[in-house]
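Engineer: Below you will find the structure I want to go over with you.
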Amino acid sequence: MAAVFCGSRTGKDPAFAEGAKALGAELVSRNIGLVYGGGTIGLMGIVAHAVADAKGDVLGVIPNALINSEAVGTMVGRPIYVETMHERKEIMYKNADCFIAMPGGFGTLDELLEITTWMQLGIHNKPVGILNIAGYFDGLLSWIENARAQQFISEDNAKMIVVSNDPKDLLDKLQRSEPKEPWFKWNIKI
């Protein structure tokens, strides 16, 4: 399964919704299931419906406190209801074979940076990607490059995140990516 982090809003640019539909279709064409934040609105709902409508596997993980704001109408796929954001992320992370960030807000950024940090620390070695629709993540990618140039992020770690503006190309790159050897040994794995 691919864990997709994205907004519970559609955003201003219609390209974001089109990208979510295209990612969902590409996942189904490769027989890759979706694990996501469980919402039925915004980009979350669009990518989930794209997968479910094409008979793909969808696992939605949503905290009870967010049901009234993020889950309008019928849930998509197999819902799992949890009490905390930490439980949501743990279930998503454990069920994912890779991670993809699409346009979103603070929650999307939190999930992307946490899973990337965990990769850097060796807690997991699953590939992490950004679907950079309409250049949405250009500012973040510039920040990563600046952090590398200022020697806060190593050359190798600056390359951990796979980036593309095309769902097919991104999934190709994620499937070809080589697992990073961990620097540290942990007693936990996701």
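We name chains A, B, ... following the order of the structure tokens; residues begin at 1 in each chain, and ligands are numbered from 1 as shown.
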List the neighbours of Val51 in chain A out to 10 Å using only C-alpha atoms; skip same-chain residues closer than 3 positions along the sequence, and give me the result as a compact mmCIF listing (two decimals) with C-alpha atoms, in the first residue's frame.

Structural biologist:
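This went into around37.txt:
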# COMPACT_ATOMS: atom_id res chain seq x y z
CA ALA A 20 -5.14 13.42 -6.93
CA LYS A 21 -7.37 11.65 -9.47
CA ALA A 22 -4.36 10.75 -11.61
CA LEU A 23 -2.45 9.37 -8.62
CA GLY A 24 -5.45 7.25 -7.61
CA ALA A 25 -5.77 5.86 -11.15
CA GLU A 26 -2.04 5.11 -11.33
CA LEU A 27 -2.11 3.29 -7.97
CA VAL A 28 -4.99 1.09 -9.17
CA SER A 29 -3.28 0.40 -12.51
CA ASN A 31 -2.49 -2.90 -8.05
CA ILE A 32 -1.19 -0.73 -5.21
CA GLY A 33 -3.63 -0.04 -2.39
CA LEU A 34 -4.09 3.29 -0.63
CA GLY A 45 -11.50 12.33 -0.59
CA ILE A 46 -10.58 12.73 -4.26
CA VAL A 47 -7.65 10.29 -4.18
CA ALA A 48 -9.63 7.81 -2.05
CA ALA A 54 -11.77 1.73 -9.76
CA LYS A 55 -12.13 -1.20 -7.31
CA GLY A 56 -8.78 -0.58 -5.61
CA ASP A 57 -8.04 -1.28 -1.95
CA VAL A 58 -8.54 1.73 0.37
CA VAL A 76 -14.46 5.33 1.55
CA GLY A 77 -12.99 1.82 1.66

Engineer: I need the residues in chain A that are strand (DSSP E or B) according to DSSP; give them as a PyMOL selection string.

Structural biologist: chain A and resi 2-5+34-36+58-63+78-82+98-101+128-131+161-164

Engineer: Report, in Å to a single decimal, how far apart CA of Thr116 in chain A and CA of Ile144 in chain A are.

Structural biologist: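 So the two atoms, CA of Ile144 in chain A and CA of Thr116 in chain A, lie 11.8 Å apart.
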
Engineer: Could you write out, as a PyMOL selection string, all the residues of chain A that DSSP marks as helix (DSSP H, G or I)?

Structural biologist: chain A and resi 14-29+42-53+64-70+85-95+106-121+133-135+138-149+155-158+167-176

Engineer: Which one is closest to Pro167 in chain A: A:Leu141, A:Ile133, A:Ala149, A:Met85? Count only C-alpha atoms.

Structural biologist: A:Ile133
